[in-house]
Amino acid sequence: MTLAAKYHYVVVEGPIGSGKTTLARRLAEHLGAATLFEDPDANPFLPGFYQDADRYALPAQLFFLFQRINQVRDLVQSDLFRGITVADFMLEKDPLFARLTLNDDELALYRQIYDHLKPQAPVPDLVIYLQAGAETLVERVHRRATTYEKSISDDYLVRLADTYARFFHHYTGAPLLIVNSENLNFVDSPADFDLLLQRINAMRGSREFFSLGN
């Protein structure tokens with residue numbers, strides 16, 4: 001059974017710098033799939049958050065929450081099972097950022113809103129978690145240096161990577177393929193991408209791991 005026949009809703013996840021959007025776009029192109037991408041540039045509070053987190057954390061977080069909710073709601077209403085959709089986020093990751101950035105009162109308010117909206121989200125057929133060491137993530141973010149990412153602290157990236165690792169260590173919500181992306185280049189190396197496709201097609205369990213040595 002091919003990937004296209006096996007999965008209708010595929011999510012690529014990972015912390016900032018993991019390459020999740022790049023891989024999601026590559027998969028969508030290969031499969032002729034519809035896409036569901038985050039749009040950080042549309043968040044008017046994000047640049048302020050990276051300059052003054054205490055002031056802008058709550059509005060930035062709520063903007064992303066509502067943006068993601070609207071996207072997955074549209075996905076459900078469009079009947080995703082008629083085709084393939086590849087996304088570069090899943091709703092369950094939203095609280096990861098909230099716990100890192102919000103104070104106790106803000107987090108309590110956020111949880112009320114999140115718990116009310118969460119049932120609208122569909123469950124992925126497959127989640128691909130791109131894993132990389134904190135040093136690799138920091139180097140990648142600094143190298144691409146988008147305008148608002150220039151002010152992201154290394155400490156925040158390290159804590160975010162650890163938060164993702166802990167979350168996916170316990171994740172059981174959908175079939176999960178954990179991919180160590182340290183030595184894989186899915187854009188410039190067709191062989192790496194082909195290996196990943198083979199690994200996805202060969203999945204039999206609900207939780208598997210894929211890595212390449214140096």
# chains A, B, ... in the order shown; residues from 1 in each chain; ligands from 1
>>> residues_around(residues="Val10 of chain A", least_positions_apart="6", cutoff="12 Å", atoms="only C-alpha atoms", output="PyMOL selection string")
chain A and resi 3-4+20+23-25+27-28+31+33-37+80-81+83-90+122-129+174-177+200
>>> closest_atom_pairs(of="segment 39-135 of chain A", to="segment 151-155 of chain A", cutoff="12 Å", atoms="only C-alpha atoms", output="CSV")
residue,atom,partner,partner_atom,distance
A:Leu46,CA,A:Ile152,CA,10.8
A:Pro47,CA,A:Ser151,CA,8.7
A:Gly48,CA,A:Ser151,CA,10.1
A:Phe49,CA,A:Ile152,CA,9.4
A:Tyr50,CA,A:Ser151,CA,5.9
A:Gln51,CA,A:Ser151,CA,6.8
A:Asp52,CA,A:Ser151,CA,10.2
A:Ala53,CA,A:Ile152,CA,10.3
A:Leu100,CA,A:Asp155,CA,11.4
A:Ala134,CA,A:Asp154,CA,8.7
A:Glu135,CA,A:Asp154,CA,8.8
>>> write_last_selection(atoms="C-alpha atoms", output="tab-separated table (two decimals), in the first residue's frame")
chain	number	residue	atom	x	y	z
A	46	LEU	CA	5.20	37.85	17.37
A	47	PRO	CA	7.96	40.45	16.79
A	48	GLY	CA	6.97	42.10	20.07
A	49	PHE	CA	7.06	38.75	21.86
A	50	TYR	CA	10.70	38.16	20.95
A	51	GLN	CA	11.54	41.66	22.21
A	52	ASP	CA	9.36	41.71	25.35
A	53	ALA	CA	7.97	38.25	26.14
A	100	LEU	CA	6.98	28.02	28.24
A	134	ALA	CA	19.66	21.86	20.62
A	135	GLU	CA	22.99	23.01	19.15
>>> select_by_dssp(residues="segment 18-78 of chain A", states="helix (DSSP H, G or I)", output="PyMOL selection string")
chain A and resi 20-31+40-42+46-51+53-77
>>> residues_around(residues="Leu130 of chain A", least_positions_apart="5", cutoff="9 Å", atoms="only C-alpha atoms", output="list of chain:residue names")
A:Val12, A:Glu13, A:Gly14, A:Pro15, A:Ser18, A:Gly19, A:Lys20, A:Leu177, A:Ile178, A:Val179, A:Asn180, A:Ser181
>>> select_by_dssp(residues="segment 24-180 of chain A", states="strand (DSSP E or B)", output="PyMOL selection string")
chain A and resi 34-36+85-87+126-131+176-180
>>> write_last_selection(atoms="N, CA and C atoms", output="PDB file, in the first residue's frame")
ATOM      1  N   ALA A  34      -2.945  18.642  -0.604  1.00  0.00           N
ATOM      2  CA  ALA A  34      -3.266  19.959  -0.079  1.00  0.00           C
ATOM      3  C   ALA A  34      -2.364  20.227   1.122  1.00  0.00           C
ATOM      4  N   THR A  35      -2.181  21.490   1.461  1.00  0.00           N
ATOM      5  CA  THR A  35      -1.278  21.846   2.551  1.00  0.00           C
ATOM      6  C   THR A  35      -1.992  22.668   3.613  1.00  0.00           C
ATOM      7  N   LEU A  36      -1.465  22.569   4.810  1.00  0.00           N
ATOM      8  CA  LEU A  36      -1.950  23.333   5.950  1.00  0.00           C
ATOM      9  C   LEU A  36      -0.707  23.820   6.677  1.00  0.00           C
ATOM     10  N   THR A  85      -3.900  15.624   2.854  1.00  0.00           N
ATOM     11  CA  THR A  85      -3.479  16.913   3.386  1.00  0.00           C
ATOM     12  C   THR A  85      -2.209  16.715   4.194  1.00  0.00           C
ATOM     13  N   VAL A  86      -1.238  17.589   3.968  1.00  0.00           N
ATOM     14  CA  VAL A  86       0.003  17.587   4.743  1.00  0.00           C
ATOM     15  C   VAL A  86       0.079  18.909   5.499  1.00  0.00           C
ATOM     16  N   ALA A  87       0.291  18.831   6.799  1.00  0.00           N
ATOM     17  CA  ALA A  87       0.357  20.021   7.644  1.00  0.00           C
ATOM     18  C   ALA A  87       1.718  20.119   8.327  1.00  0.00           C
ATOM     19  N   LEU A 126      -0.891  10.126  10.555  1.00  0.00           N
ATOM     20  CA  LEU A 126       0.539   9.939  10.805  1.00  0.00           C
ATOM     21  C   LEU A 126       1.141  11.259  11.255  1.00  0.00           C
ATOM     22  N   VAL A 127       1.968  11.195  12.294  1.00  0.00           N
ATOM     23  CA  VAL A 127       2.744  12.349  12.733  1.00  0.00           C
ATOM     24  C   VAL A 127       4.221  12.028  12.537  1.00  0.00           C
ATOM     25  N   ILE A 128       4.928  12.913  11.846  1.00  0.00           N
ATOM     26  CA  ILE A 128       6.377  12.790  11.665  1.00  0.00           C
ATOM     27  C   ILE A 128       7.026  13.852  12.542  1.00  0.00           C
ATOM     28  N   TYR A 129       7.751  13.417  13.558  1.00  0.00           N
ATOM     29  CA  TYR A 129       8.414  14.338  14.476  1.00  0.00           C
ATOM     30  C   TYR A 129       9.888  14.443  14.102  1.00  0.00           C
ATOM     31  N   LEU A 130      10.307  15.637  13.683  1.00  0.00           N
ATOM     32  CA  LEU A 130      11.701  15.878  13.316  1.00  0.00           C
ATOM     33  C   LEU A 130      12.481  16.273  14.561  1.00  0.00           C
ATOM     34  N   GLN A 131      13.436  15.451  14.876  1.00  0.00           N
ATOM     35  CA  GLN A 131      14.221  15.606  16.091  1.00  0.00           C
ATOM     36  C   GLN A 131      15.630  16.068  15.726  1.00  0.00           C
ATOM     37  N   LEU A 176       3.231   7.486  15.100  1.00  0.00           N
ATOM     38  CA  LEU A 176       4.324   8.457  15.199  1.00  0.00           C
ATOM     39  C   LEU A 176       5.609   7.888  14.614  1.00  0.00           C
ATOM     40  N   LEU A 177       6.212   8.658  13.704  1.00  0.00           N
ATOM     41  CA  LEU A 177       7.545   8.342  13.186  1.00  0.00           C
ATOM     42  C   LEU A 177       8.494   9.427  13.669  1.00  0.00           C
ATOM     43  N   ILE A 178       9.429   9.046  14.531  1.00  0.00           N
ATOM     44  CA  ILE A 178      10.423   9.984  15.046  1.00  0.00           C
ATOM     45  C   ILE A 178      11.630   9.944  14.118  1.00  0.00           C
ATOM     46  N   VAL A 179      11.972  11.085  13.545  1.00  0.00           N
ATOM     47  CA  VAL A 179      13.052  11.165  12.564  1.00  0.00           C
ATOM     48  C   VAL A 179      14.168  12.029  13.118  1.00  0.00           C
ATOM     49  N   ASN A 180      15.351  11.451  13.272  1.00  0.00           N
ATOM     50  CA  ASN A 180      16.523  12.230  13.655  1.00  0.00           C
ATOM     51  C   ASN A 180      17.030  12.950  12.407  1.00  0.00           C
TER      52      ASN A 180
END
>>> residues_around(residues="Gly17 of chain A", least_positions_apart="4", cutoff="6 Å", atoms="only C-alpha atoms", output="mmCIF file with N, CA and C atoms, in the first residue's frame")
data_model
loop_
_atom_site.group_PDB
_atom_site.id
_atom_site.type_symbol
_atom_site.label_atom_id
_atom_site.label_comp_id
_atom_site.auth_asym_id
_atom_site.auth_seq_id
_atom_site.Cartn_x
_atom_site.Cartn_y
_atom_site.Cartn_z
ATOM 1 N N LEU A 137 19.683 23.015 16.242
ATOM 2 C CA LEU A 137 18.545 23.914 16.068
ATOM 3 C C LEU A 137 18.976 25.371 16.179
ATOM 4 N N ARG A 140 20.842 26.403 13.023
ATOM 5 C CA ARG A 140 19.952 26.562 11.865
ATOM 6 C C ARG A 140 19.155 27.852 11.952
ATOM 7 N N VAL A 141 18.652 28.167 13.135
ATOM 8 C CA VAL A 141 17.861 29.398 13.298
ATOM 9 C C VAL A 141 18.722 30.617 13.059
#
>>> residues_around(residues="Thr101 of chain A", least_positions_apart="4", cutoff="8 Å", atoms="only C-alpha atoms", output="count of residues only")
4
>>> atom_distance(atom1="atom CA of Gln71 of chain A", atom2="atom CA of Phe45 of chain A")
18.9 Å
>>> atom_distance(atom1="atom CA of Ile113 of chain A", atom2="atom CA of Val72 of chain A")
15.8 Å
>>> decode(residues="segment 35-184 of chain A", atoms="C-alpha atoms", output="PDB file, in the first residue's frame")
ATOM      1  CA  THR A  35      -1.278  21.846   2.551  1.00  0.00           C
ATOM      2  CA  LEU A  36      -1.950  23.333   5.950  1.00  0.00           C
ATOM      3  CA  PHE A  37       0.891  25.614   7.029  1.00  0.00           C
ATOM      4  CA  GLU A  38       1.390  27.891   9.997  1.00  0.00           C
ATOM      5  CA  ASP A  39       1.684  31.559   9.125  1.00  0.00           C
ATOM      6  CA  PRO A  40       3.883  33.248  11.748  1.00  0.00           C
ATOM      7  CA  ASP A  41       4.249  36.345   9.584  1.00  0.00           C
ATOM      8  CA  ALA A  42       0.526  36.989  10.033  1.00  0.00           C
ATOM      9  CA  ASN A  43       0.868  37.206  13.818  1.00  0.00           C
ATOM     10  CA  PRO A  44       1.216  40.929  14.636  1.00  0.00           C
ATOM     11  CA  PHE A  45       2.326  40.182  18.200  1.00  0.00           C
ATOM     12  CA  LEU A  46       5.204  37.851  17.370  1.00  0.00           C
ATOM     13  CA  PRO A  47       7.961  40.451  16.790  1.00  0.00           C
ATOM     14  CA  GLY A  48       6.968  42.096  20.069  1.00  0.00           C
ATOM     15  CA  PHE A  49       7.063  38.754  21.863  1.00  0.00           C
ATOM     16  CA  TYR A  50      10.696  38.164  20.949  1.00  0.00           C
ATOM     17  CA  GLN A  51      11.543  41.665  22.212  1.00  0.00           C
ATOM     18  CA  ASP A  52       9.355  41.715  25.351  1.00  0.00           C
ATOM     19  CA  ALA A  53       7.968  38.250  26.136  1.00  0.00           C
ATOM     20  CA  ASP A  54       6.209  39.249  29.367  1.00  0.00           C
ATOM     21  CA  ARG A  55       4.111  41.852  27.574  1.00  0.00           C
ATOM     22  CA  TYR A  56       3.306  40.047  24.353  1.00  0.00           C
ATOM     23  CA  ALA A  57       3.236  36.343  25.283  1.00  0.00           C
ATOM     24  CA  LEU A  58      -0.516  36.045  25.846  1.00  0.00           C
ATOM     25  CA  PRO A  59      -1.749  37.899  22.732  1.00  0.00           C
ATOM     26  CA  ALA A  60       0.848  36.144  20.570  1.00  0.00           C
ATOM     27  CA  GLN A  61      -0.191  32.746  21.950  1.00  0.00           C
ATOM     28  CA  LEU A  62      -3.921  33.367  21.548  1.00  0.00           C
ATOM     29  CA  PHE A  63      -3.451  34.648  18.003  1.00  0.00           C
ATOM     30  CA  PHE A  64      -1.672  31.403  17.069  1.00  0.00           C
ATOM     31  CA  LEU A  65      -4.299  29.308  18.847  1.00  0.00           C
ATOM     32  CA  PHE A  66      -7.175  30.899  16.930  1.00  0.00           C
ATOM     33  CA  GLN A  67      -5.219  30.778  13.670  1.00  0.00           C
ATOM     34  CA  ARG A  68      -4.574  27.047  14.097  1.00  0.00           C
ATOM     35  CA  ILE A  69      -8.147  26.346  15.183  1.00  0.00           C
ATOM     36  CA  ASN A  70      -9.538  28.101  12.111  1.00  0.00           C
ATOM     37  CA  GLN A  71      -7.223  26.116   9.841  1.00  0.00           C
ATOM     38  CA  VAL A  72      -8.125  22.702  11.251  1.00  0.00           C
ATOM     39  CA  ARG A  73     -11.826  23.629  11.321  1.00  0.00           C
ATOM     40  CA  ASP A  74     -11.655  24.420   7.617  1.00  0.00           C
ATOM     41  CA  LEU A  75      -9.926  21.088   7.094  1.00  0.00           C
ATOM     42  CA  VAL A  76     -12.763  19.184   8.753  1.00  0.00           C
ATOM     43  CA  GLN A  77     -15.440  21.102   6.892  1.00  0.00           C
ATOM     44  CA  SER A  78     -13.757  20.465   3.541  1.00  0.00           C
ATOM     45  CA  ASP A  79     -13.865  16.689   4.164  1.00  0.00           C
ATOM     46  CA  LEU A  80     -10.164  15.888   4.339  1.00  0.00           C
ATOM     47  CA  PHE A  81     -10.805  12.213   3.600  1.00  0.00           C
ATOM     48  CA  ARG A  82     -11.463  12.970  -0.070  1.00  0.00           C
ATOM     49  CA  GLY A  83      -7.780  13.665  -0.623  1.00  0.00           C
ATOM     50  CA  ILE A  84      -4.447  14.026   1.145  1.00  0.00           C
ATOM     51  CA  THR A  85      -3.479  16.913   3.386  1.00  0.00           C
ATOM     52  CA  VAL A  86       0.003  17.587   4.743  1.00  0.00           C
ATOM     53  CA  ALA A  87       0.357  20.021   7.644  1.00  0.00           C
ATOM     54  CA  ASP A  88       3.367  21.518   9.402  1.00  0.00           C
ATOM     55  CA  PHE A  89       1.632  21.713  12.775  1.00  0.00           C
ATOM     56  CA  MET A  90      -0.844  19.927  14.982  1.00  0.00           C
ATOM     57  CA  LEU A  91      -3.076  21.591  17.517  1.00  0.00           C
ATOM     58  CA  GLU A  92      -1.762  19.537  20.445  1.00  0.00           C
ATOM     59  CA  LYS A  93       1.572  21.320  20.263  1.00  0.00           C
ATOM     60  CA  ASP A  94       0.039  24.737  20.979  1.00  0.00           C
ATOM     61  CA  PRO A  95       0.121  24.268  24.783  1.00  0.00           C
ATOM     62  CA  LEU A  96       3.846  23.491  24.624  1.00  0.00           C
ATOM     63  CA  PHE A  97       4.562  27.112  23.792  1.00  0.00           C
ATOM     64  CA  ALA A  98       1.975  28.361  26.273  1.00  0.00           C
ATOM     65  CA  ARG A  99       3.613  26.535  29.173  1.00  0.00           C
ATOM     66  CA  LEU A 100       6.981  28.020  28.236  1.00  0.00           C
ATOM     67  CA  THR A 101       5.865  31.617  27.893  1.00  0.00           C
ATOM     68  CA  LEU A 102       2.753  32.375  30.000  1.00  0.00           C
ATOM     69  CA  ASN A 103       2.518  33.143  33.703  1.00  0.00           C
ATOM     70  CA  ASP A 104       0.165  31.105  35.899  1.00  0.00           C
ATOM     71  CA  ASP A 105      -2.888  33.340  35.506  1.00  0.00           C
ATOM     72  CA  GLU A 106      -2.413  33.668  31.751  1.00  0.00           C
ATOM     73  CA  LEU A 107      -1.919  29.920  31.407  1.00  0.00           C
ATOM     74  CA  ALA A 108      -5.140  29.220  33.322  1.00  0.00           C
ATOM     75  CA  LEU A 109      -7.065  31.505  30.950  1.00  0.00           C
ATOM     76  CA  TYR A 110      -5.371  29.953  27.929  1.00  0.00           C
ATOM     77  CA  ARG A 111      -6.246  26.418  29.095  1.00  0.00           C
ATOM     78  CA  GLN A 112      -9.925  27.308  29.389  1.00  0.00           C
ATOM     79  CA  ILE A 113      -9.976  28.591  25.811  1.00  0.00           C
ATOM     80  CA  TYR A 114      -7.887  25.707  24.473  1.00  0.00           C
ATOM     81  CA  ASP A 115      -9.987  23.022  26.175  1.00  0.00           C
ATOM     82  CA  HIS A 116     -13.143  24.558  24.724  1.00  0.00           C
ATOM     83  CA  LEU A 117     -11.777  24.673  21.164  1.00  0.00           C
ATOM     84  CA  LYS A 118      -9.685  21.493  21.001  1.00  0.00           C
ATOM     85  CA  PRO A 119     -12.500  19.012  20.155  1.00  0.00           C
ATOM     86  CA  GLN A 120     -12.757  20.645  16.730  1.00  0.00           C
ATOM     87  CA  ALA A 121      -9.348  19.297  15.697  1.00  0.00           C
ATOM     88  CA  PRO A 122      -9.078  16.104  13.569  1.00  0.00           C
ATOM     89  CA  VAL A 123      -6.659  13.311  14.518  1.00  0.00           C
ATOM     90  CA  PRO A 124      -3.724  12.799  12.104  1.00  0.00           C
ATOM     91  CA  ASP A 125      -3.214   9.460  10.360  1.00  0.00           C
ATOM     92  CA  LEU A 126       0.539   9.939  10.805  1.00  0.00           C
ATOM     93  CA  VAL A 127       2.744  12.349  12.733  1.00  0.00           C
ATOM     94  CA  ILE A 128       6.377  12.790  11.665  1.00  0.00           C
ATOM     95  CA  TYR A 129       8.414  14.338  14.476  1.00  0.00           C
ATOM     96  CA  LEU A 130      11.701  15.878  13.316  1.00  0.00           C
ATOM     97  CA  GLN A 131      14.221  15.606  16.091  1.00  0.00           C
ATOM     98  CA  ALA A 132      17.549  17.446  16.306  1.00  0.00           C
ATOM     99  CA  GLY A 133      19.974  18.432  19.037  1.00  0.00           C
ATOM    100  CA  ALA A 134      19.664  21.857  20.615  1.00  0.00           C
ATOM    101  CA  GLU A 135      22.991  23.014  19.147  1.00  0.00           C
ATOM    102  CA  THR A 136      21.844  22.061  15.643  1.00  0.00           C
ATOM    103  CA  LEU A 137      18.545  23.914  16.068  1.00  0.00           C
ATOM    104  CA  VAL A 138      20.301  27.038  17.351  1.00  0.00           C
ATOM    105  CA  GLU A 139      22.737  26.987  14.432  1.00  0.00           C
ATOM    106  CA  ARG A 140      19.952  26.562  11.865  1.00  0.00           C
ATOM    107  CA  VAL A 141      17.861  29.398  13.298  1.00  0.00           C
ATOM    108  CA  HIS A 142      20.830  31.748  13.372  1.00  0.00           C
ATOM    109  CA  ARG A 143      21.788  30.772   9.828  1.00  0.00           C
ATOM    110  CA  ARG A 144      18.396  31.513   8.275  1.00  0.00           C
ATOM    111  CA  ALA A 145      17.958  34.638  10.457  1.00  0.00           C
ATOM    112  CA  THR A 146      14.441  35.727   9.577  1.00  0.00           C
ATOM    113  CA  THR A 147      13.656  39.193  10.872  1.00  0.00           C
ATOM    114  CA  TYR A 148      11.732  38.240  14.011  1.00  0.00           C
ATOM    115  CA  GLU A 149      13.892  35.161  14.762  1.00  0.00           C
ATOM    116  CA  LYS A 150      17.074  37.200  15.153  1.00  0.00           C
ATOM    117  CA  SER A 151      16.114  38.075  18.703  1.00  0.00           C
ATOM    118  CA  ILE A 152      15.202  34.525  19.818  1.00  0.00           C
ATOM    119  CA  SER A 153      17.491  33.564  22.674  1.00  0.00           C
ATOM    120  CA  ASP A 154      19.519  30.366  22.556  1.00  0.00           C
ATOM    121  CA  ASP A 155      18.100  29.469  25.965  1.00  0.00           C
ATOM    122  CA  TYR A 156      14.538  29.629  24.617  1.00  0.00           C
ATOM    123  CA  LEU A 157      15.435  27.344  21.698  1.00  0.00           C
ATOM    124  CA  VAL A 158      17.083  24.850  24.049  1.00  0.00           C
ATOM    125  CA  ARG A 159      14.063  24.810  26.368  1.00  0.00           C
ATOM    126  CA  LEU A 160      11.723  24.464  23.393  1.00  0.00           C
ATOM    127  CA  ALA A 161      13.661  21.494  22.014  1.00  0.00           C
ATOM    128  CA  ASP A 162      13.533  19.815  25.430  1.00  0.00           C
ATOM    129  CA  THR A 163       9.789  20.482  25.702  1.00  0.00           C
ATOM    130  CA  TYR A 164       9.154  18.883  22.301  1.00  0.00           C
ATOM    131  CA  ALA A 165      11.275  15.855  23.208  1.00  0.00           C
ATOM    132  CA  ARG A 166       9.350  15.321  26.437  1.00  0.00           C
ATOM    133  CA  PHE A 167       6.000  15.737  24.683  1.00  0.00           C
ATOM    134  CA  PHE A 168       6.709  13.209  21.943  1.00  0.00           C
ATOM    135  CA  HIS A 169       8.293  10.771  24.383  1.00  0.00           C
ATOM    136  CA  HIS A 170       4.796  10.302  25.824  1.00  0.00           C
ATOM    137  CA  TYR A 171       2.717  10.990  22.704  1.00  0.00           C
ATOM    138  CA  THR A 172       0.195   8.284  21.794  1.00  0.00           C
ATOM    139  CA  GLY A 173      -2.480  10.281  19.964  1.00  0.00           C
ATOM    140  CA  ALA A 174      -1.606   9.012  16.458  1.00  0.00           C
ATOM    141  CA  PRO A 175       0.950   6.778  14.694  1.00  0.00           C
ATOM    142  CA  LEU A 176       4.324   8.457  15.199  1.00  0.00           C
ATOM    143  CA  LEU A 177       7.545   8.342  13.186  1.00  0.00           C
ATOM    144  CA  ILE A 178      10.423   9.984  15.046  1.00  0.00           C
ATOM    145  CA  VAL A 179      13.052  11.165  12.564  1.00  0.00           C
ATOM    146  CA  ASN A 180      16.523  12.230  13.655  1.00  0.00           C
ATOM    147  CA  SER A 181      17.152  15.024  11.163  1.00  0.00           C
ATOM    148  CA  GLU A 182      20.762  15.711  12.154  1.00  0.00           C
ATOM    149  CA  ASN A 183      22.218  13.940   9.094  1.00  0.00           C
ATOM    150  CA  LEU A 184      19.282  14.108   6.688  1.00  0.00           C
TER     151      LEU A 184
END
